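Engineer: One structure, pasted below without further comment.
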Amino acid sequence: MTPGFVPTLKTFERYVMTPIAERAHELTVARRPFVHATVVRAQEPTSARAGDDAVILADGSIEGFVGGVCAETSVRAAAMETLRDGNTVLLRVLPEDAAEFPEAPGARVVVNPCHSGGAIEIFLRPVLPKPLVAVAGNSPISTAVVSLAEFLDFEVVSGSYAGVTAVVVAGLGRDEERAVRDALDAGVGLIALVASNTRSAILLDAMGVSADERARVRAHAGIDIGARTPKEIALSVLAEIIREIRRGDLAPASLSPASQAASHAEAAAFAKAGPAFVAGPTLPVGPATPDVPAATAIDPVCGMTVIIGPDTHHGVVDGQDYWFCCPGCLKKHTRGRS
């Protein structure tokens, strides 16, 4: 570069971002979960090379290149598992005789049944949207909640509760009833009301909430840690939210198609400033879009795990459905049978 040249973000993206990186950026902005797969080692004969990469979406579709059909099938199946548990994994796709390939303790090994042979190692990294937390109120406690929530890899929103996992109401007497009512109507699973037990009871009684609605409101929110300062109270409230998420008791409020589009449009507006995402293990909450990891099946011929999708080779034998990694396995299993 020219001496004294100061690159802008656009210049950086033009020189650095590959098509797969650009696609990953788009998916991140849209808050769609995906897996970034990168070939880290390849041993001939194999069509993949170290550095090849791809993104795998929750429906099992793949964009990019990490090897031929056998390797790709294994990668897609393993990617679905990483989306479910949020953990990274080193996948080793090896031929039956892989004595010459170095050991990799802790890696997941699958046997490549393809005749071409070859061996590859692929690093799978799930990229999941940050869980959304809304904060209502203008107080030292709400300010502390926002700051700490961002540090804990939450994405903090205000105004709309669509797709939100939890709402913290910390107005300390101001506009609390409206915030609680809006969060209940949006279907938010946990509404953390920062108020004493007595004042919380008076507020909820005055609102006339149902028993089911009251169960979603955490009066005098937070884990008892003897908190006194705004930051300590914020810590106790967010600790309770994290505990409920880790237990699997919380899911994001549902999104209507219109609110999804609005959310994605808003995300696109600040994307250039750095979209919010978490790579690797994260709080196990659902994404902003209704993406669910695709179902899988075992190829009855080669034993490979395959994604069940519209492009998966499929056959019916004796009234039972089977899915296959390739046309060869399909033909072998269905020949002379129906």
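Chain identifiers are assigned as A, B, and so on, following the order in which chains appear in the structure tokens; residues are numbered from 1 within each chain, and ligands are numbered from 1 in order of appearance.
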With a distance cut-off of 7 Å and only C-alpha atoms, select the neighbouring residues of Tyr161 of chain A, excluding the residue or stretch itself and same-chain residues fewer than 4 positions from it, and output the selection as a list in words.
Structural biologist: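 These residues fall inside the cut-off: Ala134, Ala183 and Ala186 of chain A.
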Engineer: Would you write out those residues with N, CA and C atoms, as a tab-separated table (two decimals), in the first residue's frame?
Structural biologist:
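To be explicit, this is the file written out as selection.tsv:
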chain	number	residue	atom	x	y	z
A	134	ALA	N	-34.19	-7.11	26.41
A	134	ALA	CA	-34.69	-5.73	26.37
A	134	ALA	C	-34.61	-5.13	27.77
A	183	ALA	N	-44.48	-6.58	27.45
A	183	ALA	CA	-43.66	-7.79	27.44
A	183	ALA	C	-44.53	-9.04	27.54
A	186	ALA	N	-46.19	-9.67	24.25
A	186	ALA	CA	-45.24	-10.14	23.23
A	186	ALA	C	-44.84	-11.59	23.45
Engineer: As a tab-separated table (two decimals) with N, CA, C and O atoms, in the first residue's frame, please: all residues of segment 63-176 of chain A that backbone DSSP puts in helix (DSSP H, G or I).
Structural biologist:
chain	number	residue	atom	x	y	z
A	69	VAL	N	-18.66	-35.28	-2.54
A	69	VAL	CA	-19.98	-35.57	-1.99
A	69	VAL	C	-19.90	-36.34	-0.67
A	69	VAL	O	-20.68	-36.07	0.25
A	70	CYS	N	-18.96	-37.28	-0.54
A	70	CYS	CA	-18.87	-38.05	0.70
A	70	CYS	C	-18.44	-37.17	1.86
A	70	CYS	O	-19.02	-37.21	2.95
A	71	ALA	N	-17.40	-36.36	1.66
A	71	ALA	CA	-16.93	-35.47	2.72
A	71	ALA	C	-17.99	-34.43	3.04
A	71	ALA	O	-18.26	-34.13	4.22
A	72	GLU	N	-18.63	-33.90	2.00
A	72	GLU	CA	-19.65	-32.88	2.22
A	72	GLU	C	-20.82	-33.42	3.03
A	72	GLU	O	-21.35	-32.74	3.91
A	73	THR	N	-21.22	-34.64	2.75
A	73	THR	CA	-22.32	-35.25	3.49
A	73	THR	C	-21.98	-35.37	4.97
A	73	THR	O	-22.81	-35.06	5.84
A	74	SER	N	-20.77	-35.79	5.27
A	74	SER	CA	-20.35	-35.90	6.67
A	74	SER	C	-20.28	-34.55	7.34
A	74	SER	O	-20.66	-34.39	8.51
A	75	VAL	N	-19.82	-33.55	6.62
A	75	VAL	CA	-19.71	-32.20	7.17
A	75	VAL	C	-21.10	-31.65	7.48
A	75	VAL	O	-21.34	-31.06	8.55
A	76	ARG	N	-22.03	-31.83	6.57
A	76	ARG	CA	-23.39	-31.31	6.79
A	76	ARG	C	-24.03	-31.96	8.00
A	76	ARG	O	-24.69	-31.29	8.81
A	77	ALA	N	-23.85	-33.28	8.15
A	77	ALA	CA	-24.45	-33.97	9.29
A	77	ALA	C	-23.82	-33.49	10.61
A	77	ALA	O	-24.53	-33.24	11.59
A	78	ALA	N	-22.50	-33.36	10.64
A	78	ALA	CA	-21.83	-32.91	11.86
A	78	ALA	C	-22.20	-31.47	12.20
A	78	ALA	O	-22.30	-31.09	13.37
A	79	ALA	N	-22.42	-30.66	11.15
A	79	ALA	CA	-22.79	-29.26	11.38
A	79	ALA	C	-24.12	-29.14	12.11
A	79	ALA	O	-24.31	-28.24	12.93
A	80	MET	N	-25.06	-30.04	11.81
A	80	MET	CA	-26.35	-29.98	12.49
A	80	MET	C	-26.18	-30.20	13.99
A	80	MET	O	-26.86	-29.58	14.81
A	81	GLU	N	-25.26	-31.08	14.36
A	81	GLU	CA	-25.02	-31.33	15.78
A	81	GLU	C	-24.40	-30.11	16.46
A	81	GLU	O	-24.73	-29.79	17.60
A	82	THR	N	-23.48	-29.44	15.76
A	82	THR	CA	-22.85	-28.27	16.38
A	82	THR	C	-23.86	-27.14	16.55
A	82	THR	O	-23.76	-26.36	17.50
A	83	LEU	N	-24.84	-27.05	15.66
A	83	LEU	CA	-25.87	-26.03	15.82
A	83	LEU	C	-26.75	-26.35	17.03
A	83	LEU	O	-27.26	-25.44	17.69
A	84	ARG	N	-26.96	-27.63	17.29
A	84	ARG	CA	-27.81	-28.01	18.42
A	84	ARG	C	-27.13	-27.77	19.76
A	84	ARG	O	-27.77	-27.32	20.71
A	85	ASP	N	-25.82	-28.07	19.85
A	85	ASP	CA	-25.16	-27.93	21.16
A	85	ASP	C	-24.27	-26.70	21.26
A	85	ASP	O	-23.79	-26.37	22.35
A	140	PRO	N	-30.14	4.28	37.18
A	140	PRO	CA	-28.78	3.74	37.30
A	140	PRO	C	-28.73	2.22	37.16
A	140	PRO	O	-27.77	1.67	36.62
A	141	ILE	N	-29.78	1.54	37.61
A	141	ILE	CA	-29.81	0.08	37.49
A	141	ILE	C	-29.97	-0.35	36.04
A	141	ILE	O	-29.27	-1.27	35.57
A	142	SER	N	-30.86	0.30	35.30
A	142	SER	CA	-31.03	-0.06	33.89
A	142	SER	C	-29.76	0.21	33.11
A	142	SER	O	-29.38	-0.57	32.22
A	143	THR	N	-29.07	1.29	33.43
A	143	THR	CA	-27.80	1.59	32.76
A	143	THR	C	-26.78	0.50	33.04
A	143	THR	O	-26.04	0.06	32.15
A	144	ALA	N	-26.73	0.04	34.29
A	144	ALA	CA	-25.79	-1.02	34.66
A	144	ALA	C	-26.15	-2.33	33.97
A	144	ALA	O	-25.27	-3.08	33.55
A	145	VAL	N	-27.45	-2.62	33.84
A	145	VAL	CA	-27.89	-3.84	33.17
A	145	VAL	C	-27.44	-3.84	31.72
A	145	VAL	O	-26.94	-4.84	31.20
A	146	VAL	N	-27.63	-2.71	31.04
A	146	VAL	CA	-27.23	-2.61	29.63
A	146	VAL	C	-25.74	-2.86	29.47
A	146	VAL	O	-25.30	-3.64	28.62
A	147	SER	N	-24.94	-2.23	30.31
A	147	SER	CA	-23.49	-2.36	30.22
A	147	SER	C	-23.04	-3.80	30.48
A	147	SER	O	-22.24	-4.37	29.72
A	148	LEU	N	-23.56	-4.40	31.53
A	148	LEU	CA	-23.15	-5.76	31.89
A	148	LEU	C	-23.68	-6.78	30.90
A	148	LEU	O	-23.00	-7.76	30.58
A	149	ALA	N	-24.89	-6.57	30.39
A	149	ALA	CA	-25.48	-7.51	29.42
A	149	ALA	C	-24.64	-7.58	28.16
A	149	ALA	O	-24.41	-8.66	27.61
A	150	GLU	N	-24.16	-6.45	27.69
A	150	GLU	CA	-23.31	-6.44	26.50
A	150	GLU	C	-22.01	-7.17	26.76
A	150	GLU	O	-21.50	-7.89	25.90
A	151	PHE	N	-21.46	-6.99	27.96
A	151	PHE	CA	-20.22	-7.70	28.32
A	151	PHE	C	-20.45	-9.21	28.34
A	151	PHE	O	-19.56	-9.99	28.01
A	176	GLU	N	-43.65	1.29	34.60
A	176	GLU	CA	-43.44	-0.14	34.80
A	176	GLU	C	-44.62	-0.96	34.28
A	176	GLU	O	-44.43	-2.01	33.66
Engineer: Quote the spacing between atom CA of Arg32 of chain A and atom CA of Pro310 of chain A in Å to one decimal place.
Structural biologist: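 According to the coordinates, atom CA of Arg32 of chain A and atom CA of Pro310 of chain A are separated by 20.5 Å.
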Engineer: Write out as a VMD selection string all residues of segment 162-231 of chain A that DSSP puts in strand (DSSP E) for this structure's backbone.
Structural biologist: chain A and resid 166 to 169 190 to 193 217 to 218
Engineer: Could those selected residues go to a file with C-alpha atoms, as a PDB file, in the first residue's frame?
Structural biologist:
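Listing of out07.pdb after writing:
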ATOM      1  CA  ALA A 166     -36.026 -11.664  28.612  1.00  0.00           C
ATOM      2  CA  VAL A 167     -37.065  -8.145  29.569  1.00  0.00           C
ATOM      3  CA  VAL A 168     -35.600  -6.249  32.515  1.00  0.00           C
ATOM      4  CA  VAL A 169     -38.005  -3.626  33.875  1.00  0.00           C
ATOM      5  CA  LEU A 190     -39.072 -13.945  31.699  1.00  0.00           C
ATOM      6  CA  ILE A 191     -39.848 -10.412  32.822  1.00  0.00           C
ATOM      7  CA  ALA A 192     -37.449  -9.302  35.522  1.00  0.00           C
ATOM      8  CA  LEU A 193     -39.168  -6.636  37.583  1.00  0.00           C
ATOM      9  CA  VAL A 217     -42.918 -11.995  35.950  1.00  0.00           C
ATOM     10  CA  ARG A 218     -40.051 -12.299  38.410  1.00  0.00           C
TER      11      ARG A 218
END
Engineer: Could you check the closest approach to Gly51 of chain A for each of A:Val109, A:Ile122, A:Leu204, A:Val35 and tell me which residue wins, using only C-alpha atoms?
Structural biologist: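 Smallest separation from Gly51 of chain A among the options: A:Ile122.
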Engineer: Tell me, in Å to one decimal, how far atom CA of His25 of chain A is from atom CA of Gly163 of chain A.
Structural biologist: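 Atom-to-atom, atom CA of His25 of chain A and atom CA of Gly163 of chain A are spaced 20.5 Å apart.
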Engineer: Take atom CA of Asn138 of chain A and atom CA of Arg243 of chain A and report the distance between them in Å, one decimal.
Structural biologist: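 Taking atom CA of Asn138 of chain A and atom CA of Arg243 of chain A, their separation equals 25.1 Å.
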Engineer: Residues within 10 Å of Arg178 of chain A, please, as a ChimeraX atom specification. Count only C-alpha atoms; anything in the same chain fewer than 6 positions from it doesn't count.
Structural biologist: /A:136,169,184,207
Engineer: Residues of the last selection are to be written out with C-alpha atoms, as a tab-separated table (two decimals), in the first residue's frame.
Structural biologist:
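Everything below was put into part-v6.tsv:
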chain	number	residue	atom	x	y	z
A	136	ALA	CA	-37.08	-0.84	30.08
A	169	VAL	CA	-38.01	-3.63	33.87
A	184	LEU	CA	-46.49	-10.14	28.46
A	207	MET	CA	-52.79	-4.85	36.44
Engineer: For each of A:Cys302, A:Ile202, A:Ile245, A:Cys326, take the minimum atom-to-atom distance to Gly189 of chain A, counting only C-alpha atoms, then give the residue where this is smallest.
Structural biologist: A:Ile245
Engineer: From the list A:Asp224, A:Glu22, A:Asp321, A:Glu121, which residue is nearest Thr46 of chain A when using only C-alpha atoms?
Structural biologist: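 For Thr46 of chain A, the nearest of the given residues is A:Glu121.
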Engineer: Check the smallest atom-to-atom distance from each of A:Met304, A:Leu203, A:Val39, A:Ala119 to Phe65 of chain A using only C-alpha atoms, then report the winner.
Structural biologist: A:Val39
Engineer: So, with only C-alpha atoms as the atoms that count, which of A:Leu330, A:Ala211, A:Ala37, A:Ala297 lies closest to Val317 of chain A?
Structural biologist: A:Leu330
Engineer: Skipping near chain neighbours, those fewer than 6 positions away, what residues fall within 9 Å of Gln43 of chain A using only C-alpha atoms, listed as a PyMOL selection string?
Structural biologist: chain A and resi 49+101+118-120
Engineer: With only C-alpha atoms counted and 12 Å as the cut-off, give the residues of segment 122-145 of chain A in contact with segment 53-60 of chain A, each with its shortest interatomic distance in Å and the pair that gives it, as CSV.
Structural biologist:
residue,atom,partner,partner_atom,distance
A:Ile122,CA,A:Asp53,CA,8.7
A:Phe123,CA,A:Asp53,CA,9.3
A:Leu124,CA,A:Val55,CA,9.4
A:Arg125,CA,A:Val55,CA,9.5
A:Pro126,CA,A:Ile56,CA,9.2
A:Val127,CA,A:Val55,CA,9.8
A:Leu128,CA,A:Ala58,CA,10.7
Engineer: Let me see the file: selected residues, C-alpha atoms, as a PDB file, in the first residue's frame.
Structural biologist:
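Below is the file result-v5.pdb, written as the result:
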ATOM      1  CA  ILE A 122     -12.372 -29.829   8.923  1.00  0.00           C
ATOM      2  CA  PHE A 123     -12.922 -27.357  11.746  1.00  0.00           C
ATOM      3  CA  LEU A 124     -16.612 -26.637  12.351  1.00  0.00           C
ATOM      4  CA  ARG A 125     -17.490 -23.429  14.164  1.00  0.00           C
ATOM      5  CA  PRO A 126     -21.148 -22.664  14.907  1.00  0.00           C
ATOM      6  CA  VAL A 127     -22.059 -18.987  14.675  1.00  0.00           C
ATOM      7  CA  LEU A 128     -25.186 -18.258  16.679  1.00  0.00           C
TER       8      LEU A 128
END
Engineer: Smallest atom-to-atom distance to Thr312 of chain A: which of A:Ile298, A:Ala201, A:Gly171, A:Glu213, using only C-alpha atoms?
Structural biologist: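 Looking only at the distances to Thr312 of chain A, the closest residue turns out to be A:Ile298.
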